[in-house]
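Peer 1: What follows is the file my_file_33.cif, containing mmCIF, C-alpha atoms and all ligand atoms:
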data_target
#
loop_
_atom_site.label_atom_id
_atom_site.label_comp_id
_atom_site.auth_asym_id
_atom_site.auth_seq_id
_atom_site.Cartn_x
_atom_site.Cartn_y
_atom_site.Cartn_z
CA MET A 1 -19.47 -12.16 -29.77
CA ILE A 2 -17.69 -15.11 -31.39
CA LYS A 3 -19.58 -18.39 -30.83
CA ASN A 4 -17.98 -21.23 -28.86
CA LYS A 5 -14.72 -19.60 -28.15
CA HIS A 6 -12.73 -21.63 -25.65
CA VAL A 7 -11.16 -20.19 -22.48
CA ASP A 8 -9.46 -21.88 -19.49
CA ILE A 9 -11.86 -20.82 -16.73
CA ILE A 10 -15.30 -19.23 -16.58
CA ILE A 11 -16.58 -17.71 -13.34
CA LYS A 12 -20.36 -17.45 -13.62
CA ASN A 13 -23.39 -16.39 -11.59
CA ALA A 14 -21.91 -13.44 -9.74
CA SER A 15 -24.82 -11.60 -8.14
CA GLN A 16 -22.74 -8.50 -8.75
CA LEU A 17 -19.55 -8.48 -10.72
CA VAL A 18 -17.65 -5.44 -9.48
CA THR A 19 -15.43 -4.33 -12.36
CA ALA A 20 -14.05 -1.06 -10.86
CA ALA A 21 -12.94 -0.38 -14.43
CA SER A 22 -11.05 2.83 -15.14
CA ASP A 23 -8.01 3.86 -17.17
CA ILE A 24 -7.34 6.72 -14.79
CA PRO A 25 -7.52 7.08 -10.99
CA LYS A 26 -11.14 7.63 -10.00
CA THR A 27 -12.28 10.96 -8.55
CA GLY A 28 -15.55 12.68 -7.60
CA VAL A 29 -18.76 10.91 -8.61
CA GLU A 30 -16.77 8.32 -10.58
CA LEU A 31 -15.29 7.21 -7.24
CA GLN A 32 -18.83 6.10 -6.30
CA ASN A 33 -19.19 4.03 -9.46
CA LEU A 34 -18.14 0.39 -9.14
CA GLY A 35 -19.00 -0.53 -12.72
CA ILE A 36 -21.21 -3.39 -11.53
CA ILE A 37 -22.51 -6.06 -13.90
CA GLU A 38 -25.56 -7.74 -12.37
CA ASP A 39 -25.58 -11.53 -12.77
CA GLY A 40 -22.11 -11.28 -14.25
CA ALA A 41 -19.50 -13.72 -15.51
CA LEU A 42 -15.98 -13.61 -16.87
CA GLY A 43 -13.62 -15.88 -18.76
CA ILE A 44 -9.90 -16.33 -18.14
CA PHE A 45 -7.34 -17.45 -20.72
CA SER A 46 -3.66 -17.87 -19.83
CA GLY A 47 -4.13 -15.90 -16.62
CA ILE A 48 -5.66 -12.93 -18.43
CA ILE A 49 -9.32 -11.85 -18.41
CA SER A 50 -10.52 -12.55 -21.93
CA CYS A 51 -14.25 -11.81 -21.72
CA ILE A 52 -16.67 -10.25 -19.28
CA GLY A 53 -20.43 -9.69 -19.32
CA LYS A 54 -23.77 -11.10 -18.23
CA THR A 55 -23.68 -14.80 -17.30
CA ASN A 56 -26.10 -15.82 -20.09
CA GLU A 57 -24.12 -13.93 -22.73
CA ILE A 58 -20.78 -15.41 -21.66
CA LEU A 59 -22.15 -18.96 -21.51
CA GLU A 60 -23.72 -18.57 -24.95
CA SER A 61 -20.44 -17.57 -26.53
CA TYR A 62 -17.69 -19.28 -24.54
CA THR A 63 -16.81 -22.75 -23.32
CA ALA A 64 -14.28 -23.75 -20.64
CA LYS A 65 -12.96 -26.89 -18.98
CA THR A 66 -13.28 -25.33 -15.55
CA ILE A 67 -16.44 -23.48 -14.61
CA ILE A 68 -16.61 -21.86 -11.19
CA ASP A 69 -20.07 -21.07 -9.86
CA ALA A 70 -19.90 -17.87 -7.79
CA SER A 71 -23.26 -18.94 -6.29
CA HIS A 72 -24.77 -15.49 -6.50
CA LYS A 73 -22.09 -13.87 -4.40
CA VAL A 74 -20.05 -10.78 -5.20
CA VAL A 75 -17.05 -11.17 -7.50
CA MET A 76 -14.52 -8.37 -7.39
CA PRO A 77 -10.91 -7.46 -8.22
CA GLY A 78 -8.08 -8.72 -6.03
CA PHE A 79 -7.23 -6.01 -3.52
CA VAL A 80 -4.15 -3.86 -4.06
CA ASP A 81 -2.33 -2.70 -0.92
CA PRO A 82 -0.07 0.22 -1.86
CA HIS A 83 1.74 0.81 1.48
CA THR A 84 3.19 -2.02 3.60
CA HIS A 85 6.26 -2.80 5.71
CA PRO A 86 6.12 -6.64 5.84
CA ILE A 87 9.83 -7.41 6.29
CA PHE A 88 10.79 -7.40 9.96
CA VAL A 89 11.65 -9.89 12.69
CA LYS A 90 9.39 -9.20 15.69
CA THR A 91 6.27 -7.17 16.38
CA ARG A 92 6.53 -4.52 19.11
CA GLU A 93 3.48 -5.22 21.25
CA ASN A 94 5.21 -3.70 24.29
CA GLU A 95 4.68 -0.35 22.58
CA PHE A 96 0.97 -1.07 22.27
CA GLU A 97 0.85 -1.37 26.05
CA MET A 98 2.89 1.82 26.46
CA ARG A 99 0.41 3.68 24.25
CA LEU A 100 -2.49 2.31 26.28
CA GLN A 101 -0.74 3.75 29.34
CA GLY A 102 -0.68 7.19 27.75
CA LYS A 103 2.61 7.45 25.83
CA SER A 104 2.46 8.76 22.26
CA TYR A 105 4.07 7.15 19.18
CA LYS A 106 6.51 10.09 19.04
CA GLU A 107 7.45 9.82 22.74
CA ILE A 108 8.07 6.09 22.37
CA SER A 109 10.26 6.71 19.29
CA GLN A 110 12.30 9.31 21.13
CA THR A 111 13.04 6.98 24.04
CA GLY A 112 14.52 4.03 22.16
CA GLY A 113 11.33 2.43 20.85
CA GLY A 114 9.65 2.90 17.50
CA ILE A 115 11.40 2.13 14.23
CA ARG A 116 14.85 2.01 15.91
CA ALA A 117 13.68 -0.87 18.09
CA SER A 118 13.18 -3.01 14.98
CA ILE A 119 16.65 -2.36 13.53
CA LYS A 120 18.92 -4.66 15.56
CA ASP A 121 17.00 -7.86 14.76
CA VAL A 122 16.82 -7.10 11.06
CA ARG A 123 20.52 -6.33 10.85
CA GLU A 124 21.31 -9.64 12.56
CA ALA A 125 18.83 -11.78 10.61
CA SER A 126 19.94 -13.81 7.60
CA LEU A 127 18.38 -13.19 4.20
CA GLU A 128 16.75 -16.63 4.48
CA LYS A 129 15.16 -15.74 7.82
CA LEU A 130 13.71 -12.50 6.43
CA ILE A 131 12.31 -14.41 3.45
CA GLU A 132 10.76 -17.08 5.67
CA LEU A 133 9.08 -14.57 7.98
CA GLY A 134 7.98 -12.22 5.20
CA LEU A 135 6.57 -15.03 3.06
CA LYS A 136 4.28 -16.23 5.86
CA ARG A 137 2.87 -12.74 6.37
CA ILE A 138 2.42 -12.12 2.65
CA ASN A 139 0.72 -15.47 2.10
CA LYS A 140 -1.77 -14.53 4.81
CA MET A 141 -2.53 -11.31 2.94
CA LEU A 142 -3.20 -13.37 -0.19
CA GLU A 143 -5.64 -15.53 1.74
CA MET A 144 -7.54 -12.38 2.65
CA GLY A 145 -7.93 -11.34 -0.96
CA THR A 146 -4.96 -9.03 -1.54
CA THR A 147 -3.14 -9.89 -4.76
CA THR A 148 -0.73 -6.95 -5.21
CA ILE A 149 1.23 -5.11 -2.55
CA GLU A 150 3.88 -2.45 -2.32
CA ALA A 151 6.59 -3.42 0.22
CA LYS A 152 9.17 -1.13 1.80
CA SER A 153 12.63 -1.64 3.23
CA GLY A 154 13.56 0.62 6.16
CA TYR A 155 14.35 -1.56 9.18
CA GLY A 156 18.05 -2.05 8.38
CA LEU A 157 19.38 1.48 7.88
CA THR A 158 22.82 0.33 6.74
CA THR A 159 23.61 -0.18 3.07
CA GLU A 160 24.07 -3.90 3.59
CA SER A 161 20.91 -4.51 5.59
CA GLU A 162 18.71 -2.31 3.40
CA LEU A 163 19.89 -4.28 0.35
CA LYS A 164 19.18 -7.49 2.27
CA MET A 165 15.59 -6.36 2.93
CA LEU A 166 15.07 -5.48 -0.73
CA LYS A 167 16.52 -8.83 -1.81
CA ALA A 168 14.09 -10.56 0.57
CA ILE A 169 11.22 -8.67 -1.10
CA GLN A 170 12.53 -9.64 -4.55
CA MET A 171 12.79 -13.33 -3.60
CA ILE A 172 9.33 -13.42 -2.02
CA ASN A 173 7.95 -11.83 -5.19
CA GLU A 174 9.47 -14.69 -7.15
CA ILE A 175 8.24 -17.53 -4.95
CA SER A 176 4.78 -16.38 -3.89
CA ASP A 177 1.63 -15.64 -5.89
CA MET A 178 1.62 -12.06 -4.62
CA ASP A 179 2.75 -9.33 -7.02
CA ILE A 180 5.13 -7.19 -4.98
CA ILE A 181 6.38 -3.74 -5.87
CA PRO A 182 9.47 -2.79 -3.83
CA THR A 183 10.22 0.63 -2.32
CA PHE A 184 13.53 1.75 -0.81
CA LEU A 185 12.91 3.40 2.59
CA GLY A 186 16.43 3.96 3.94
CA ALA A 187 15.12 7.34 5.14
CA HIS A 188 12.72 5.72 7.61
CA GLU A 189 14.60 6.97 10.70
CA TYR A 190 18.10 8.05 11.72
CA PRO A 191 19.80 4.94 13.10
CA GLU A 192 21.11 5.14 16.67
CA GLU A 193 24.73 5.65 15.52
CA TYR A 194 23.83 8.73 13.48
CA LYS A 195 21.10 10.22 15.64
CA ASP A 196 23.38 13.18 16.43
CA ASP A 197 25.03 13.29 13.01
CA HIS A 198 22.25 13.64 10.47
CA GLU A 199 24.63 14.94 7.81
CA LYS A 200 26.64 11.73 7.85
CA TYR A 201 23.56 9.52 7.46
CA ILE A 202 22.16 11.71 4.67
CA ASP A 203 25.55 11.41 2.96
CA ILE A 204 25.38 7.59 3.20
CA LEU A 205 21.80 7.62 1.89
CA ILE A 206 22.62 9.82 -1.08
CA ASN A 207 26.06 8.58 -1.99
CA GLU A 208 25.97 4.90 -1.02
CA MET A 209 22.53 3.44 -0.55
CA LEU A 210 20.56 5.06 -3.37
CA PRO A 211 23.23 4.41 -6.06
CA GLU A 212 23.61 0.79 -4.90
CA VAL A 213 19.86 0.12 -4.86
CA LYS A 214 19.74 1.60 -8.37
CA ALA A 215 22.76 -0.37 -9.60
CA GLN A 216 21.26 -3.64 -8.37
CA ASN A 217 17.82 -2.63 -9.69
CA LEU A 218 16.16 -3.54 -6.38
CA ALA A 219 13.54 -0.75 -6.26
CA GLY A 220 12.05 1.89 -8.52
CA TYR A 221 10.53 3.95 -5.72
CA CYS A 222 12.18 5.86 -2.89
CA ASP A 223 10.14 6.78 0.20
CA ILE A 224 10.85 8.91 3.29
CA PHE A 225 9.34 9.40 6.77
CA CYS A 226 9.02 13.20 6.76
CA GLU A 227 8.08 14.34 10.26
CA GLU A 228 9.57 17.00 12.56
CA HIS A 229 11.26 14.40 14.82
CA VAL A 230 12.50 12.24 11.92
CA PHE A 231 13.38 13.73 8.49
CA THR A 232 12.50 17.43 8.34
CA VAL A 233 11.08 19.04 5.21
CA SER A 234 14.45 20.46 4.16
CA GLU A 235 16.30 17.17 4.79
CA SER A 236 13.57 15.34 2.86
CA ARG A 237 13.84 17.77 -0.06
CA ARG A 238 17.59 17.09 -0.41
CA ILE A 239 17.29 13.30 -0.17
CA LEU A 240 14.32 13.03 -2.52
CA ASN A 241 15.83 15.34 -5.14
CA ALA A 242 18.96 13.18 -5.09
CA ALA A 243 16.76 10.08 -5.50
CA LYS A 244 14.94 11.70 -8.41
CA GLU A 245 18.22 12.53 -10.12
CA LEU A 246 19.14 8.86 -9.96
CA GLY A 247 15.83 8.00 -11.64
CA PHE A 248 13.74 6.94 -8.61
CA LYS A 249 10.07 7.84 -8.40
CA ILE A 250 8.93 9.13 -5.04
CA ARG A 251 6.48 7.87 -2.43
CA PHE A 252 6.13 9.86 0.79
CA HIS A 253 5.13 9.43 4.47
CA ALA A 254 3.66 12.93 4.87
CA ASP A 255 1.95 14.87 7.65
CA GLU A 256 1.07 11.83 9.75
CA LEU A 257 1.46 13.50 13.11
CA GLU A 258 1.99 17.22 12.49
CA PRO A 259 1.17 19.54 9.58
CA ILE A 260 4.76 20.39 8.68
CA GLY A 261 4.32 20.79 4.93
CA GLY A 262 4.93 17.19 3.91
CA ALA A 263 2.07 17.19 1.40
CA GLU A 264 3.30 20.49 -0.04
CA LEU A 265 6.77 18.98 -0.52
CA ALA A 266 5.30 15.81 -2.07
CA ALA A 267 3.59 18.09 -4.61
CA GLU A 268 6.72 20.18 -5.21
CA ILE A 269 8.78 17.07 -5.84
CA GLY A 270 6.13 15.43 -8.05
CA ALA A 271 5.73 12.36 -5.81
CA MET A 272 3.66 9.45 -7.07
CA SER A 273 1.84 9.28 -3.73
CA ALA A 274 1.61 11.08 -0.39
CA ASP A 275 0.65 8.73 2.44
CA HIS A 276 -0.94 9.10 5.93
CA LEU A 277 -1.98 12.82 5.68
CA VAL A 278 -3.88 12.84 8.98
CA ALA A 279 -2.61 16.36 9.67
CA ILE A 280 -2.67 17.70 6.08
CA SER A 281 -3.38 21.43 5.65
CA ASP A 282 -5.96 22.87 3.22
CA GLU A 283 -3.04 24.25 1.22
CA GLY A 284 -1.55 20.72 1.14
CA ILE A 285 -4.80 19.36 -0.31
CA ARG A 286 -4.83 22.05 -2.99
CA LYS A 287 -1.20 21.38 -3.89
CA LEU A 288 -1.67 17.59 -4.15
CA LYS A 289 -4.51 18.20 -6.58
CA GLU A 290 -2.49 20.68 -8.65
CA ALA A 291 0.45 18.25 -8.89
CA SER A 292 -1.68 15.08 -9.45
CA VAL A 293 -0.23 13.30 -6.39
CA ILE A 294 -2.37 10.36 -5.22
CA PRO A 295 -3.24 10.48 -1.49
CA ILE A 296 -2.99 7.09 0.21
CA LEU A 297 -4.87 7.03 3.50
CA LEU A 298 -4.04 4.55 6.28
CA PRO A 299 -6.95 4.51 8.75
CA ALA A 300 -5.86 1.24 10.40
CA THR A 301 -2.76 3.04 11.70
CA THR A 302 -4.83 5.79 13.30
CA PHE A 303 -7.03 3.04 14.75
CA SER A 304 -4.07 0.99 16.06
CA LEU A 305 -2.45 4.07 17.60
CA GLY A 306 -5.72 4.61 19.47
CA LEU A 307 -6.16 8.10 18.00
CA THR A 308 -9.48 9.69 17.20
CA LYS A 309 -8.49 12.14 14.47
CA TYR A 310 -8.48 10.45 11.05
CA ALA A 311 -7.27 11.83 7.71
CA PRO A 312 -9.85 14.21 6.18
CA ALA A 313 -10.91 11.84 3.41
CA ARG A 314 -14.13 13.68 2.54
CA LYS A 315 -12.34 17.00 2.16
CA MET A 316 -9.86 15.35 -0.19
CA ILE A 317 -12.60 13.66 -2.23
CA ASP A 318 -14.51 16.96 -2.42
CA ALA A 319 -11.31 18.61 -3.67
CA GLY A 320 -11.26 16.09 -6.54
CA LEU A 321 -8.43 13.89 -5.26
CA PRO A 322 -8.30 10.18 -6.23
CA VAL A 323 -8.07 8.75 -2.73
CA ALA A 324 -6.49 5.30 -2.32
CA LEU A 325 -6.33 3.18 0.86
CA ALA A 326 -3.62 0.91 2.31
CA THR A 327 -2.98 -1.11 5.46
CA ASP A 328 0.48 0.28 6.45
CA PHE A 329 1.09 -3.24 7.86
CA ASN A 330 4.20 -2.92 10.07
CA PRO A 331 5.62 -4.24 13.37
CA GLY A 332 4.90 -1.19 15.51
CA SER A 333 2.22 1.33 14.65
CA CYS A 334 -0.17 -0.97 12.75
CA ASN A 335 -0.28 -4.75 12.60
CA CYS A 336 -3.34 -4.79 10.34
CA ASP A 337 -2.84 -6.79 7.14
CA SER A 338 -6.44 -6.71 5.89
CA GLN A 339 -7.63 -4.35 3.17
CA GLN A 340 -11.17 -5.39 4.10
CA LEU A 341 -10.77 -3.99 7.59
CA VAL A 342 -9.16 -0.86 6.12
CA ALA A 343 -12.17 -0.34 3.83
CA SER A 344 -14.49 -0.82 6.76
CA LEU A 345 -12.60 1.74 8.87
CA ALA A 346 -12.58 4.15 5.93
CA CYS A 347 -16.38 4.00 5.92
CA LEU A 348 -16.95 4.08 9.64
CA GLN A 349 -14.26 6.58 10.67
CA MET A 350 -13.70 8.73 7.59
CA LYS A 351 -17.22 8.59 6.16
CA MET A 352 -16.15 7.26 2.81
CA LEU A 353 -19.01 5.54 1.02
CA PRO A 354 -18.64 1.77 0.58
CA ALA A 355 -18.23 2.12 -3.19
CA GLU A 356 -15.55 4.78 -2.68
CA ALA A 357 -13.69 2.52 -0.27
CA VAL A 358 -13.82 -0.43 -2.68
CA ASN A 359 -12.47 1.68 -5.55
CA ALA A 360 -9.78 2.97 -3.16
CA ILE A 361 -8.50 -0.56 -2.33
CA THR A 362 -8.62 -1.72 -5.95
CA ILE A 363 -8.31 0.51 -8.99
CA ASN A 364 -7.04 3.69 -7.29
CA ALA A 365 -4.51 1.69 -5.27
CA ALA A 366 -3.32 0.08 -8.52
CA HIS A 367 -2.94 3.47 -10.22
CA SER A 368 -0.98 4.76 -7.22
CA LEU A 369 1.57 2.02 -8.01
CA GLU A 370 1.44 2.70 -11.77
CA ARG A 371 -0.11 -0.75 -12.25
CA GLY A 372 -3.57 0.53 -13.27
CA LYS A 373 -3.28 -1.03 -16.73
CA LEU A 374 -2.49 -4.49 -15.29
CA VAL A 375 -4.42 -5.00 -12.05
CA GLY A 376 -6.99 -3.36 -9.75
CA SER A 377 -10.07 -3.91 -11.92
CA LEU A 378 -11.82 -6.68 -13.83
CA GLU A 379 -11.42 -5.74 -17.49
CA VAL A 380 -10.58 -7.63 -20.67
CA GLY A 381 -6.80 -7.79 -21.09
CA LYS A 382 -6.00 -7.44 -17.38
CA GLN A 383 -4.41 -9.97 -15.06
CA ALA A 384 -7.07 -12.35 -13.72
CA ASP A 385 -6.71 -11.41 -10.04
CA VAL A 386 -10.25 -12.18 -8.94
CA ASN A 387 -11.89 -12.34 -5.54
CA THR A 388 -14.83 -14.68 -5.67
CA GLY A 389 -16.94 -13.10 -2.96
CA HIS A 390 -16.99 -15.34 0.05
CA ALA A 391 -19.06 -14.52 3.06
CA ASN A 392 -16.23 -12.41 4.48
CA LEU A 393 -17.17 -9.52 2.22
CA SER A 394 -19.73 -8.69 4.86
CA VAL A 395 -17.07 -6.94 6.92
CA PHE A 396 -17.35 -4.01 4.56
CA ALA A 397 -20.34 -2.93 6.60
CA ILE A 398 -22.17 -2.17 3.42
CA SER A 399 -25.53 -2.92 2.04
CA SER A 400 -25.81 -0.53 -0.87
CA TRP A 401 -24.10 -2.71 -3.42
CA LYS A 402 -24.35 -6.23 -2.10
O1 LIG A 501 3.96 4.23 8.23
N1 LIG A 501 5.63 6.16 9.83
C1 LIG A 501 6.60 5.46 9.53
N2 LIG A 501 6.55 4.17 9.23
C2 LIG A 501 5.53 3.33 9.71
C3 LIG A 501 5.74 2.98 11.13
C4 LIG A 501 6.75 1.96 11.22
C5 LIG A 501 7.01 1.49 12.64
O2 LIG A 501 6.56 2.08 13.63
O3 LIG A 501 7.71 0.48 12.69
C6 LIG A 501 4.19 3.92 9.41
O4 LIG A 501 3.34 4.08 10.28
FE FE A 502 4.35 3.38 6.64
#
Show me the file's structure as structure tokens.
Peer 2:
Amino acid sequence: MIKNKHVDIIIKNASQLVTAASDIPKTGVELQNLGIIEDGALGIFSGIISCIGKTNEILESYTAKTIIDASHKVVMPGFVDPHTHPIFVKTRENEFEMRLQGKSYKEISQTGGGIRASIKDVREASLEKLIELGLKRINKMLEMGTTTIEAKSGYGLTTESELKMLKAIQMINEISDMDIIPTFLGAHEYPEEYKDDHEKYIDILINEMLPEVKAQNLAGYCDIFCEEHVFTVSESRRILNAAKELGFKIRFHADELEPIGGAELAAEIGAMSADHLVAISDEGIRKLKEASVIPILLPATTFSLGLTKYAPARKMIDAGLPVALATDFNPGSCNCDSQQLVASLACLQMKMLPAEAVNAITINAAHSLERGKLVGSLEVGKQADVNTGHANLSVFAISSWK
């Protein structure tokens, strides 16, 4: 090491410095490896990690104006949340009560609630209002240690209001410290006016919305809610192929409620990720593996819907899939904005090991957004998104690595 090299900031005395380092999404036994440096430290120069190692080695070789003492707590990468819906006007807690009284998410959606119940407000809201509301929510996520999120449109369902949502995401990305990756989700639901004319809405999606989102460069990903009562497999295939032709990459709400072949289609289409997967078939698991699609599991949604069947995380890990985890933060089915709680639920409800869950909310989540070379781990050359382990890390319900 070069002696007396100067950096801006040194963080020293981490009892465990969790690097989660990996150039590729982690699978199998590697998913259990957190790349921990005991008594670790790192240096930051111009917002980039410039050195990392044992505290004594770093202090011998580097100086800095600002030295942060991690006080023998855990230091880890900022969390990456690869599936969120943070742009909306009001939460739908009335639906929570309806579910407690026995109604299912699908029944509520089919009787005027669900995604459609969030549309009117978003269409009426000004861009400024959406920015103001979204910014507050996203700043709260930052406070809880999340430093990169994916954010979807999907509560406007007209060309104008979908573009407005994406512009809100773009503006919030500019003004907040969060790194935000936008996804176009015009195929979130059929809006009321086209609920009996699917062809017309698909036509608008393919011929108006997607080209306009592309022309204005507002999103690189296109997502869809593929479910028997929303977009069927064959409707999804048409829409996503059209999106691909325009140059979009694909993300995918697949097999959340019923095993209708969503994962299989995600594989066929070469999606970047397939998300939810509570009802995935064994064939779906095999196909995701074959096509290198990253499964993103959303246990806080299952929890919030009061369901007991969670996505088969262990089966997917055993099949060699690089599982990632996300909150699915949204106004109806899941108001959880904490990747810490998600990791905890992944352990308690899906039997993921703590180390697997931590890799799934950091490096694997980053790879699922094609940001694995920039964020998601603590490595020289990467963005210095660092969580200095406060006491709240205890919610991971883990003891093996603390
Ligand atoms: O991922 N499943 C579709 N989209 C959201 C639900 C959005 C809503 O209910 O408002 C989800 O769970
Ligand atoms: Fe979602």
Peer 1: Take the point (5.9, -4.4, -9.6) in the file's coordinates, draw a sphere of radius 12 Å around it, and report as a count of residues only every protein, DNA or RNA residue with an atom inside or on it, counting only C-alpha atoms.
Peer 2: 30
Peer 1: Could you write out as lines of an AutoDock Vina configuration file the box around ligand LIG 501 (chain A) (axis-aligned, all atoms listed in the file, 3 Å on each side), with centre and edge lengths in Å to one decimal?
Peer 2:
center_x = 5.5
center_y = 3.3
center_z = 10.9
size_x = 10.4
size_y = 11.7
size_z = 11.4
Peer 1: With distances taken over only C-alpha atoms, which residue among A:Gly47, A:Gly332, A:Gly78, A:Gly28 lies nearest A:Asp385?
Peer 2: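 Using only C-alpha atoms, A:Asp385 sits closest to A:Gly78.
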Peer 1: Using all atoms listed in the file for the distances, tell me which of A:Glu245, A:Glu57, A:Glu212, A:Asp275 is nearest to ligand FE 502 (chain A).
Peer 2: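 With all atoms listed in the file as the atom set, the closest residue is A:Asp275.
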Peer 1: Any residue with an atom at most 6 Å from ligand LIG 501 (chain A) counts, using only C-alpha atoms and all ligand atoms. Which are they? Put them as number ranges by chain.
Peer 2: A: 114-115, 225, 328, 330-333
Peer 1: Using all atoms listed in the file, find each protein or nucleic acid residue lying at most 12 Å from ligand FE 502 (chain A); present the set as a PDB file with C-alpha atoms, keeping the file's coordinate frame.
Peer 2:
ATOM      1  CA  ASP A  81      -2.330  -2.700  -0.920  1.00  0.00           C
ATOM      2  CA  PRO A  82      -0.070   0.220  -1.860  1.00  0.00           C
ATOM      3  CA  HIS A  83       1.740   0.810   1.480  1.00  0.00           C
ATOM      4  CA  THR A  84       3.190  -2.020   3.600  1.00  0.00           C
ATOM      5  CA  HIS A  85       6.260  -2.800   5.710  1.00  0.00           C
ATOM      6  CA  PRO A  86       6.120  -6.640   5.840  1.00  0.00           C
ATOM      7  CA  ILE A 115      11.400   2.130  14.230  1.00  0.00           C
ATOM      8  CA  GLU A 150       3.880  -2.450  -2.320  1.00  0.00           C
ATOM      9  CA  ALA A 151       6.590  -3.420   0.220  1.00  0.00           C
ATOM     10  CA  LYS A 152       9.170  -1.130   1.800  1.00  0.00           C
ATOM     11  CA  SER A 153      12.630  -1.640   3.230  1.00  0.00           C
ATOM     12  CA  GLY A 154      13.560   0.620   6.160  1.00  0.00           C
ATOM     13  CA  TYR A 155      14.350  -1.560   9.180  1.00  0.00           C
ATOM     14  CA  THR A 183      10.220   0.630  -2.320  1.00  0.00           C
ATOM     15  CA  PHE A 184      13.530   1.750  -0.810  1.00  0.00           C
ATOM     16  CA  LEU A 185      12.910   3.400   2.590  1.00  0.00           C
ATOM     17  CA  ALA A 187      15.120   7.340   5.140  1.00  0.00           C
ATOM     18  CA  HIS A 188      12.720   5.720   7.610  1.00  0.00           C
ATOM     19  CA  GLU A 189      14.600   6.970  10.700  1.00  0.00           C
ATOM     20  CA  ASP A 223      10.140   6.780   0.200  1.00  0.00           C
ATOM     21  CA  ILE A 224      10.850   8.910   3.290  1.00  0.00           C
ATOM     22  CA  PHE A 225       9.340   9.400   6.770  1.00  0.00           C
ATOM     23  CA  CYS A 226       9.020  13.200   6.760  1.00  0.00           C
ATOM     24  CA  ARG A 251       6.480   7.870  -2.430  1.00  0.00           C
ATOM     25  CA  PHE A 252       6.130   9.860   0.790  1.00  0.00           C
ATOM     26  CA  HIS A 253       5.130   9.430   4.470  1.00  0.00           C
ATOM     27  CA  ALA A 254       3.660  12.930   4.870  1.00  0.00           C
ATOM     28  CA  ASP A 255       1.950  14.870   7.650  1.00  0.00           C
ATOM     29  CA  GLU A 256       1.070  11.830   9.750  1.00  0.00           C
ATOM     30  CA  ALA A 274       1.610  11.080  -0.390  1.00  0.00           C
ATOM     31  CA  ASP A 275       0.650   8.730   2.440  1.00  0.00           C
ATOM     32  CA  HIS A 276      -0.940   9.100   5.930  1.00  0.00           C
ATOM     33  CA  LEU A 277      -1.980  12.820   5.680  1.00  0.00           C
ATOM     34  CA  ILE A 296      -2.990   7.090   0.210  1.00  0.00           C
ATOM     35  CA  LEU A 297      -4.870   7.030   3.500  1.00  0.00           C
ATOM     36  CA  LEU A 298      -4.040   4.550   6.280  1.00  0.00           C
ATOM     37  CA  PRO A 299      -6.950   4.510   8.750  1.00  0.00           C
ATOM     38  CA  ALA A 300      -5.860   1.240  10.400  1.00  0.00           C
ATOM     39  CA  THR A 301      -2.760   3.040  11.700  1.00  0.00           C
ATOM     40  CA  THR A 302      -4.830   5.790  13.300  1.00  0.00           C
ATOM     41  CA  ALA A 326      -3.620   0.910   2.310  1.00  0.00           C
ATOM     42  CA  THR A 327      -2.980  -1.110   5.460  1.00  0.00           C
ATOM     43  CA  ASP A 328       0.480   0.280   6.450  1.00  0.00           C
ATOM     44  CA  PHE A 329       1.090  -3.240   7.860  1.00  0.00           C
ATOM     45  CA  ASN A 330       4.200  -2.920  10.070  1.00  0.00           C
ATOM     46  CA  PRO A 331       5.620  -4.240  13.370  1.00  0.00           C
ATOM     47  CA  GLY A 332       4.900  -1.190  15.510  1.00  0.00           C
ATOM     48  CA  SER A 333       2.220   1.330  14.650  1.00  0.00           C
ATOM     49  CA  CYS A 334      -0.170  -0.970  12.750  1.00  0.00           C
ATOM     50  CA  ASN A 335      -0.280  -4.750  12.600  1.00  0.00           C
ATOM     51  CA  CYS A 336      -3.340  -4.790  10.340  1.00  0.00           C
TER      52      CYS A 336
END
Peer 1: If you measure from atom CA of A:Arg123 to atom CA of A:Lys195, what distance in Å do you get, rounded to one decimal?
Peer 2: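 A separation of 17.2 Å between them.
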Peer 1: Interatomic distance between atom CA of A:Gln101 and atom CA of A:Ser118?
Peer 2: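 For atom CA of A:Gln101 relative to atom CA of A:Ser118, the distance reads 21.1 Å.
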Peer 1: Tell me which residues come within 8 Å of (-11.4, -0.2, -9.7), as a list in words, counting all atoms listed in the file in the file's coordinates.
Peer 2: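 Protein, DNA and RNA residues close to (-11.4, -0.2, -9.7): Thr19, Ala20, Ala21, Ser22, Lys26, Leu34, Pro77, Val358, Asn359, Ala360, Ile361, Thr362, Ile363, Asn364, Gly376, Ser377 and Leu378 of chain A.
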Peer 1: Could you check which of A:Met209, A:Ile202, A:Ala267, A:Cys222 is closest to A:Glu235, using all atoms listed in the file?
Peer 2: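 Answer, going by the shortest atom-to-atom distance: A:Ile202.
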Peer 1: Could you pull the residues within 9 Å of A:Lys289, counting all atoms listed in the file, minus those fewer than 6 positions along the same chain, as a PDB file with C-alpha atoms, in the frame of the given file?
Peer 2:
ATOM      1  CA  ALA A 267       3.590  18.090  -4.610  1.00  0.00           C
ATOM      2  CA  MET A 316      -9.860  15.350  -0.190  1.00  0.00           C
ATOM      3  CA  ALA A 319     -11.310  18.610  -3.670  1.00  0.00           C
ATOM      4  CA  GLY A 320     -11.260  16.090  -6.540  1.00  0.00           C
ATOM      5  CA  LEU A 321      -8.430  13.890  -5.260  1.00  0.00           C
ATOM      6  CA  PRO A 322      -8.300  10.180  -6.230  1.00  0.00           C
TER       7      PRO A 322
END
